[in-house]
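A.B. asks: Below is the structure I would like to discuss, written out as structure tokens.
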Amino acid sequence: MKNFLMLLLPILFFSCQQKENKTAPVNDSEQISTEKSKDEDKPVEFEENKQVGDTILMSSKNERGSYIAEGSLDSLHPRTYVKFKIEELGELSANIIPTTGEGNIRFNQIIFPDNTSDGPFGMDLKIKLKQKGNHILVIGHSQMADNPFLGKFRVEVETKK
């Protein structure tokens, strides 16, 4: 029993030292966070309605009351999810405008707040909305056609009463 305890004590002592070494990077991150707080005094330019990963979060409307954003499809992100919130019921109209003019790109689906969906659609979408809340448009290429679209596009989403 004494031999067992004699073996445990060095192991516990050694493991405690390792934890102390792991706390050293925390101090480095504290230094980084203080450096960030110095930069926070500067005004940060926040670009809204931009694609991050495979998602475009539509958060600001233009002067006409529609959402406009630029996105892209590539081999890593073959689909783009456009998320937006509907506060008033009406008709939703959306358009995809590829920068190259034409391409195999379309609205694959619309996902409603109750997780039901509809689709596929073309490059233009017009649908009557029956639910308020967060909607998601799934943009991708038509799998029934050749040459999947890879490149940049612009999406416009507008609601009318």
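Order determines the names: the first chain of the structure tokens is A, the second B, and so forth; residues in each chain are numbered 1 upward, and ligands are numbered 1 upward as they are shown.
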When you look at Glu158 (chain A) with a cut-off of 10 Å (counting only C-alpha atoms), what residues show up, excluding the ones that are within fewer than 6 positions of it in the same chain? I need them as a list in words.
C.D. replies: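 So, after excluding close chain neighbours, the residues are Lys61, Arg64, Gly65, Ser66, Tyr67, Ile68, Ile86, Glu91, Leu92, Ser93, Ala94, Asn95 and Lys126 of chain A.
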A.B. asks: Got time to write the residues from that selection, N, CA, C and O atoms, as a compact mmCIF listing (two decimals), in the first residue's frame?
C.D. replies:
```txt
# COMPACT_ATOMS: atom_id res chain seq x y z
N LYS A 61 -31.98 46.34 -45.15
CA LYS A 61 -32.68 46.60 -46.41
C LYS A 61 -32.14 47.89 -47.02
O LYS A 61 -31.62 48.76 -46.33
N ARG A 64 -35.20 50.98 -51.11
CA ARG A 64 -36.44 50.48 -51.71
C ARG A 64 -37.13 49.46 -50.82
O ARG A 64 -38.24 49.03 -51.12
N GLY A 65 -36.49 49.03 -49.76
CA GLY A 65 -37.07 48.05 -48.85
C GLY A 65 -36.78 46.62 -49.24
O GLY A 65 -37.47 45.71 -48.80
N SER A 66 -35.75 46.39 -50.06
CA SER A 66 -35.41 45.02 -50.45
C SER A 66 -34.01 44.68 -49.94
O SER A 66 -33.19 45.55 -49.68
N TYR A 67 -33.79 43.40 -49.81
CA TYR A 67 -32.48 42.90 -49.41
C TYR A 67 -31.66 42.62 -50.67
O TYR A 67 -32.15 42.00 -51.61
N ILE A 68 -30.41 43.05 -50.68
CA ILE A 68 -29.51 42.77 -51.79
C ILE A 68 -28.18 42.31 -51.21
O ILE A 68 -27.66 42.92 -50.26
N ILE A 86 -39.14 37.68 -42.14
CA ILE A 86 -40.35 38.32 -42.67
C ILE A 86 -41.21 38.75 -41.50
O ILE A 86 -41.57 37.93 -40.64
N GLU A 91 -46.26 38.99 -50.63
CA GLU A 91 -45.65 38.18 -51.69
C GLU A 91 -44.14 38.38 -51.66
O GLU A 91 -43.64 39.50 -51.59
N LEU A 92 -43.44 37.27 -51.74
CA LEU A 92 -41.99 37.30 -51.78
C LEU A 92 -41.55 37.17 -53.23
O LEU A 92 -42.01 36.28 -53.94
N SER A 93 -40.69 38.06 -53.66
CA SER A 93 -40.08 37.92 -54.99
C SER A 93 -38.57 38.01 -54.82
O SER A 93 -38.06 38.85 -54.08
N ALA A 94 -37.89 37.11 -55.48
CA ALA A 94 -36.43 37.04 -55.37
C ALA A 94 -35.85 36.74 -56.73
O ALA A 94 -36.46 36.06 -57.55
N ASN A 95 -34.65 37.26 -56.98
CA ASN A 95 -33.94 37.07 -58.24
C ASN A 95 -32.49 36.73 -57.97
O ASN A 95 -31.89 37.26 -57.04
N LYS A 126 -41.31 33.78 -57.10
CA LYS A 126 -42.45 34.56 -56.60
C LYS A 126 -43.35 33.59 -55.87
O LYS A 126 -43.79 32.60 -56.44
```
A.B. asks: If we count only C-alpha atoms, what is near Leu125 (chain A) at a cut-off of 12 Å, once residues fewer than 6 positions away on the same chain are taken out, given as a PDB file with N, CA, C and O atoms, in the first residue's frame?
C.D. replies:
```pdb
ATOM      1  N   GLU A  91     -46.256  38.987 -50.630  1.00  0.00           N
ATOM      2  CA  GLU A  91     -45.650  38.183 -51.686  1.00  0.00           C
ATOM      3  C   GLU A  91     -44.140  38.381 -51.663  1.00  0.00           C
ATOM      4  O   GLU A  91     -43.644  39.500 -51.594  1.00  0.00           O
ATOM      5  N   LEU A  92     -43.435  37.275 -51.739  1.00  0.00           N
ATOM      6  CA  LEU A  92     -41.985  37.304 -51.783  1.00  0.00           C
ATOM      7  C   LEU A  92     -41.546  37.165 -53.225  1.00  0.00           C
ATOM      8  O   LEU A  92     -42.005  36.275 -53.938  1.00  0.00           O
ATOM      9  N   SER A  93     -40.689  38.063 -53.659  1.00  0.00           N
ATOM     10  CA  SER A  93     -40.084  37.925 -54.986  1.00  0.00           C
ATOM     11  C   SER A  93     -38.574  38.012 -54.816  1.00  0.00           C
ATOM     12  O   SER A  93     -38.058  38.850 -54.081  1.00  0.00           O
ATOM     13  N   ALA A  94     -37.892  37.108 -55.477  1.00  0.00           N
ATOM     14  CA  ALA A  94     -36.434  37.039 -55.365  1.00  0.00           C
ATOM     15  C   ALA A  94     -35.846  36.742 -56.734  1.00  0.00           C
ATOM     16  O   ALA A  94     -36.458  36.062 -57.554  1.00  0.00           O
ATOM     17  N   ASN A  95     -34.652  37.265 -56.976  1.00  0.00           N
ATOM     18  CA  ASN A  95     -33.942  37.073 -58.241  1.00  0.00           C
ATOM     19  C   ASN A  95     -32.489  36.731 -57.971  1.00  0.00           C
ATOM     20  O   ASN A  95     -31.891  37.255 -57.043  1.00  0.00           O
ATOM     21  N   ILE A  96     -31.950  35.878 -58.824  1.00  0.00           N
ATOM     22  CA  ILE A  96     -30.516  35.593 -58.816  1.00  0.00           C
ATOM     23  C   ILE A  96     -29.948  36.155 -60.110  1.00  0.00           C
ATOM     24  O   ILE A  96     -30.461  35.870 -61.195  1.00  0.00           O
ATOM     25  N   ARG A 106     -29.944  28.333 -59.519  1.00  0.00           N
ATOM     26  CA  ARG A 106     -31.375  28.510 -59.277  1.00  0.00           C
ATOM     27  C   ARG A 106     -31.641  28.493 -57.777  1.00  0.00           C
ATOM     28  O   ARG A 106     -30.777  28.176 -56.981  1.00  0.00           O
ATOM     29  N   PHE A 107     -32.890  28.826 -57.430  1.00  0.00           N
ATOM     30  CA  PHE A 107     -33.369  28.650 -56.069  1.00  0.00           C
ATOM     31  C   PHE A 107     -33.790  27.188 -55.939  1.00  0.00           C
ATOM     32  O   PHE A 107     -34.759  26.761 -56.556  1.00  0.00           O
ATOM     33  N   ASN A 108     -33.041  26.419 -55.174  1.00  0.00           N
ATOM     34  CA  ASN A 108     -33.374  25.007 -55.001  1.00  0.00           C
ATOM     35  C   ASN A 108     -34.562  24.817 -54.069  1.00  0.00           C
ATOM     36  O   ASN A 108     -35.397  23.947 -54.308  1.00  0.00           O
ATOM     37  N   GLN A 109     -34.631  25.611 -53.002  1.00  0.00           N
ATOM     38  CA  GLN A 109     -35.686  25.453 -52.008  1.00  0.00           C
ATOM     39  C   GLN A 109     -35.919  26.746 -51.268  1.00  0.00           C
ATOM     40  O   GLN A 109     -35.039  27.598 -51.191  1.00  0.00           O
ATOM     41  N   ILE A 110     -37.115  26.849 -50.689  1.00  0.00           N
ATOM     42  CA  ILE A 110     -37.386  27.844 -49.664  1.00  0.00           C
ATOM     43  C   ILE A 110     -37.835  27.069 -48.439  1.00  0.00           C
ATOM     44  O   ILE A 110     -38.667  26.162 -48.537  1.00  0.00           O
ATOM     45  N   ASP A 118     -40.524  24.240 -49.981  1.00  0.00           N
ATOM     46  CA  ASP A 118     -41.101  24.215 -51.314  1.00  0.00           C
ATOM     47  C   ASP A 118     -39.962  24.410 -52.298  1.00  0.00           C
ATOM     48  O   ASP A 118     -38.954  25.023 -51.990  1.00  0.00           O
ATOM     49  N   GLY A 119     -40.139  23.905 -53.498  1.00  0.00           N
ATOM     50  CA  GLY A 119     -39.124  24.094 -54.513  1.00  0.00           C
ATOM     51  C   GLY A 119     -39.026  22.867 -55.384  1.00  0.00           C
ATOM     52  O   GLY A 119     -39.739  21.886 -55.156  1.00  0.00           O
ATOM     53  N   LEU A 137     -33.622  30.698 -48.080  1.00  0.00           N
ATOM     54  CA  LEU A 137     -33.581  30.343 -49.498  1.00  0.00           C
ATOM     55  C   LEU A 137     -32.301  29.563 -49.751  1.00  0.00           C
ATOM     56  O   LEU A 137     -31.219  29.987 -49.343  1.00  0.00           O
ATOM     57  N   VAL A 138     -32.423  28.419 -50.415  1.00  0.00           N
ATOM     58  CA  VAL A 138     -31.263  27.597 -50.741  1.00  0.00           C
ATOM     59  C   VAL A 138     -30.950  27.809 -52.214  1.00  0.00           C
ATOM     60  O   VAL A 138     -31.783  27.535 -53.080  1.00  0.00           O
ATOM     61  N   ILE A 139     -29.762  28.321 -52.498  1.00  0.00           N
ATOM     62  CA  ILE A 139     -29.327  28.600 -53.862  1.00  0.00           C
ATOM     63  C   ILE A 139     -28.258  27.584 -54.238  1.00  0.00           C
ATOM     64  O   ILE A 139     -27.331  27.326 -53.471  1.00  0.00           O
ATOM     65  N   VAL A 155     -28.001  38.339 -55.296  1.00  0.00           N
ATOM     66  CA  VAL A 155     -29.361  37.910 -54.976  1.00  0.00           C
ATOM     67  C   VAL A 155     -30.127  39.103 -54.418  1.00  0.00           C
ATOM     68  O   VAL A 155     -29.599  39.893 -53.641  1.00  0.00           O
ATOM     69  N   GLU A 156     -31.361  39.262 -54.911  1.00  0.00           N
ATOM     70  CA  GLU A 156     -32.258  40.332 -54.458  1.00  0.00           C
ATOM     71  C   GLU A 156     -33.516  39.695 -53.929  1.00  0.00           C
ATOM     72  O   GLU A 156     -34.132  38.862 -54.588  1.00  0.00           O
ATOM     73  N   VAL A 157     -33.921  40.083 -52.724  1.00  0.00           N
ATOM     74  CA  VAL A 157     -35.102  39.555 -52.081  1.00  0.00           C
ATOM     75  C   VAL A 157     -35.974  40.742 -51.676  1.00  0.00           C
ATOM     76  O   VAL A 157     -35.501  41.665 -51.029  1.00  0.00           O
ATOM     77  N   GLU A 158     -37.256  40.694 -52.053  1.00  0.00           N
ATOM     78  CA  GLU A 158     -38.167  41.797 -51.764  1.00  0.00           C
ATOM     79  C   GLU A 158     -39.523  41.236 -51.372  1.00  0.00           C
ATOM     80  O   GLU A 158     -39.972  40.230 -51.923  1.00  0.00           O
ATOM     81  N   THR A 159     -40.166  41.892 -50.423  1.00  0.00           N
ATOM     82  CA  THR A 159     -41.525  41.500 -50.033  1.00  0.00           C
ATOM     83  C   THR A 159     -42.474  42.642 -50.339  1.00  0.00           C
ATOM     84  O   THR A 159     -42.149  43.812 -50.155  1.00  0.00           O
TER      85      THR A 159
END
```
A.B. asks: Could you pull out the strand (DSSP E or B) residues of region 36-144 of chain A from DSSP and send them as a ChimeraX atom specification?
C.D. replies: /A:50-52,55-57,67-73,80-86,91-98,106-111,117-118,124-128,133-140
A.B. asks: Taking N, CA and C atoms for each residue, export the selection above as a compact mmCIF listing (two decimals), in the first residue's frame.
C.D. replies:
```txt
# COMPACT_ATOMS: atom_id res chain seq x y z
N LYS A 50 -23.40 40.15 -46.33
CA LYS A 50 -22.27 39.52 -47.00
C LYS A 50 -22.28 38.02 -46.69
N GLN A 51 -21.70 37.27 -47.59
CA GLN A 51 -21.63 35.82 -47.41
C GLN A 51 -20.49 35.47 -46.47
N VAL A 52 -20.79 34.65 -45.47
CA VAL A 52 -19.80 34.12 -44.55
C VAL A 52 -19.93 32.61 -44.62
N THR A 55 -23.36 30.89 -45.88
CA THR A 55 -24.58 31.55 -45.43
C THR A 55 -24.52 33.06 -45.67
N ILE A 56 -25.61 33.60 -46.18
CA ILE A 56 -25.77 35.04 -46.29
C ILE A 56 -26.90 35.42 -45.34
N LEU A 57 -26.59 36.23 -44.34
CA LEU A 57 -27.59 36.69 -43.39
C LEU A 57 -28.05 38.07 -43.83
N TYR A 67 -33.79 43.40 -49.81
CA TYR A 67 -32.48 42.90 -49.41
C TYR A 67 -31.66 42.62 -50.67
N ILE A 68 -30.41 43.05 -50.68
CA ILE A 68 -29.51 42.77 -51.79
C ILE A 68 -28.18 42.31 -51.21
N ALA A 69 -27.64 41.22 -51.78
CA ALA A 69 -26.35 40.72 -51.31
C ALA A 69 -25.62 40.05 -52.46
N GLU A 70 -24.31 39.94 -52.29
CA GLU A 70 -23.50 39.21 -53.26
C GLU A 70 -22.99 37.94 -52.59
N GLY A 71 -22.98 36.88 -53.38
CA GLY A 71 -22.52 35.60 -52.86
C GLY A 71 -21.75 34.86 -53.93
N SER A 72 -21.32 33.67 -53.59
CA SER A 72 -20.60 32.86 -54.56
C SER A 72 -20.82 31.38 -54.26
N LEU A 73 -20.70 30.60 -55.31
CA LEU A 73 -20.74 29.15 -55.22
C LEU A 73 -19.39 28.63 -55.70
N THR A 80 -25.68 27.87 -51.25
CA THR A 80 -25.63 29.05 -50.40
C THR A 80 -27.00 29.20 -49.75
N TYR A 81 -27.00 29.49 -48.46
CA TYR A 81 -28.23 29.64 -47.70
C TYR A 81 -28.43 31.12 -47.40
N VAL A 82 -29.55 31.66 -47.89
CA VAL A 82 -29.87 33.07 -47.68
C VAL A 82 -30.94 33.12 -46.59
N LYS A 83 -30.58 33.69 -45.43
CA LYS A 83 -31.49 33.74 -44.30
C LYS A 83 -32.00 35.17 -44.13
N PHE A 84 -33.32 35.29 -43.94
CA PHE A 84 -33.92 36.60 -43.74
C PHE A 84 -35.18 36.44 -42.91
N LYS A 85 -35.65 37.55 -42.33
CA LYS A 85 -36.83 37.53 -41.48
C LYS A 85 -37.96 38.30 -42.14
N ILE A 86 -39.14 37.68 -42.14
CA ILE A 86 -40.35 38.32 -42.67
C ILE A 86 -41.21 38.75 -41.50
N GLU A 91 -46.26 38.99 -50.63
CA GLU A 91 -45.65 38.18 -51.69
C GLU A 91 -44.14 38.38 -51.66
N LEU A 92 -43.44 37.27 -51.74
CA LEU A 92 -41.99 37.30 -51.78
C LEU A 92 -41.55 37.17 -53.23
N SER A 93 -40.69 38.06 -53.66
CA SER A 93 -40.08 37.92 -54.99
C SER A 93 -38.57 38.01 -54.82
N ALA A 94 -37.89 37.11 -55.48
CA ALA A 94 -36.43 37.04 -55.37
C ALA A 94 -35.85 36.74 -56.73
N ASN A 95 -34.65 37.26 -56.98
CA ASN A 95 -33.94 37.07 -58.24
C ASN A 95 -32.49 36.73 -57.97
N ILE A 96 -31.95 35.88 -58.82
CA ILE A 96 -30.52 35.59 -58.82
C ILE A 96 -29.95 36.15 -60.11
N ILE A 97 -28.89 36.94 -59.99
CA ILE A 97 -28.25 37.53 -61.16
C ILE A 97 -26.78 37.11 -61.15
N PRO A 98 -26.40 36.13 -62.00
CA PRO A 98 -24.99 35.73 -62.06
C PRO A 98 -24.13 36.84 -62.68
N ARG A 106 -29.94 28.33 -59.52
CA ARG A 106 -31.38 28.51 -59.28
C ARG A 106 -31.64 28.49 -57.78
N PHE A 107 -32.89 28.83 -57.43
CA PHE A 107 -33.37 28.65 -56.07
C PHE A 107 -33.79 27.19 -55.94
N ASN A 108 -33.04 26.42 -55.17
CA ASN A 108 -33.37 25.01 -55.00
C ASN A 108 -34.56 24.82 -54.07
N GLN A 109 -34.63 25.61 -53.00
CA GLN A 109 -35.69 25.45 -52.01
C GLN A 109 -35.92 26.75 -51.27
N ILE A 110 -37.11 26.85 -50.69
CA ILE A 110 -37.39 27.84 -49.66
C ILE A 110 -37.84 27.07 -48.44
N ILE A 111 -37.25 27.38 -47.31
CA ILE A 111 -37.59 26.72 -46.05
C ILE A 111 -38.32 27.74 -45.19
N SER A 117 -40.96 23.04 -46.60
CA SER A 117 -40.20 23.61 -47.70
C SER A 117 -40.97 23.50 -49.00
N ASP A 118 -40.52 24.24 -49.98
CA ASP A 118 -41.10 24.22 -51.31
C ASP A 118 -39.96 24.41 -52.30
N ASP A 124 -35.75 33.10 -60.87
CA ASP A 124 -36.72 34.03 -60.30
C ASP A 124 -37.67 33.25 -59.41
N LEU A 125 -38.09 33.89 -58.33
CA LEU A 125 -38.98 33.24 -57.38
C LEU A 125 -40.08 34.21 -56.99
N LYS A 126 -41.31 33.78 -57.10
CA LYS A 126 -42.45 34.56 -56.60
C LYS A 126 -43.35 33.59 -55.87
N ILE A 127 -43.59 33.88 -54.60
CA ILE A 127 -44.40 33.00 -53.78
C ILE A 127 -45.13 33.82 -52.73
N LYS A 128 -46.37 33.43 -52.45
CA LYS A 128 -47.15 34.11 -51.42
C LYS A 128 -46.75 33.55 -50.06
N GLY A 133 -41.69 35.14 -39.78
CA GLY A 133 -40.54 34.54 -39.12
C GLY A 133 -39.35 34.42 -40.04
N ASN A 134 -38.42 33.57 -39.65
CA ASN A 134 -37.17 33.39 -40.38
C ASN A 134 -37.36 32.41 -41.53
N HIS A 135 -37.02 32.86 -42.72
CA HIS A 135 -37.09 32.04 -43.93
C HIS A 135 -35.67 31.81 -44.44
N ILE A 136 -35.49 30.71 -45.17
CA ILE A 136 -34.18 30.39 -45.75
C ILE A 136 -34.37 30.03 -47.21
N LEU A 137 -33.62 30.70 -48.08
CA LEU A 137 -33.58 30.34 -49.50
C LEU A 137 -32.30 29.56 -49.75
N VAL A 138 -32.42 28.42 -50.42
CA VAL A 138 -31.26 27.60 -50.74
C VAL A 138 -30.95 27.81 -52.21
N ILE A 139 -29.76 28.32 -52.50
CA ILE A 139 -29.33 28.60 -53.86
C ILE A 139 -28.26 27.58 -54.24
N GLY A 140 -28.39 27.01 -55.42
CA GLY A 140 -27.41 26.05 -55.90
C GLY A 140 -27.61 25.83 -57.38
```
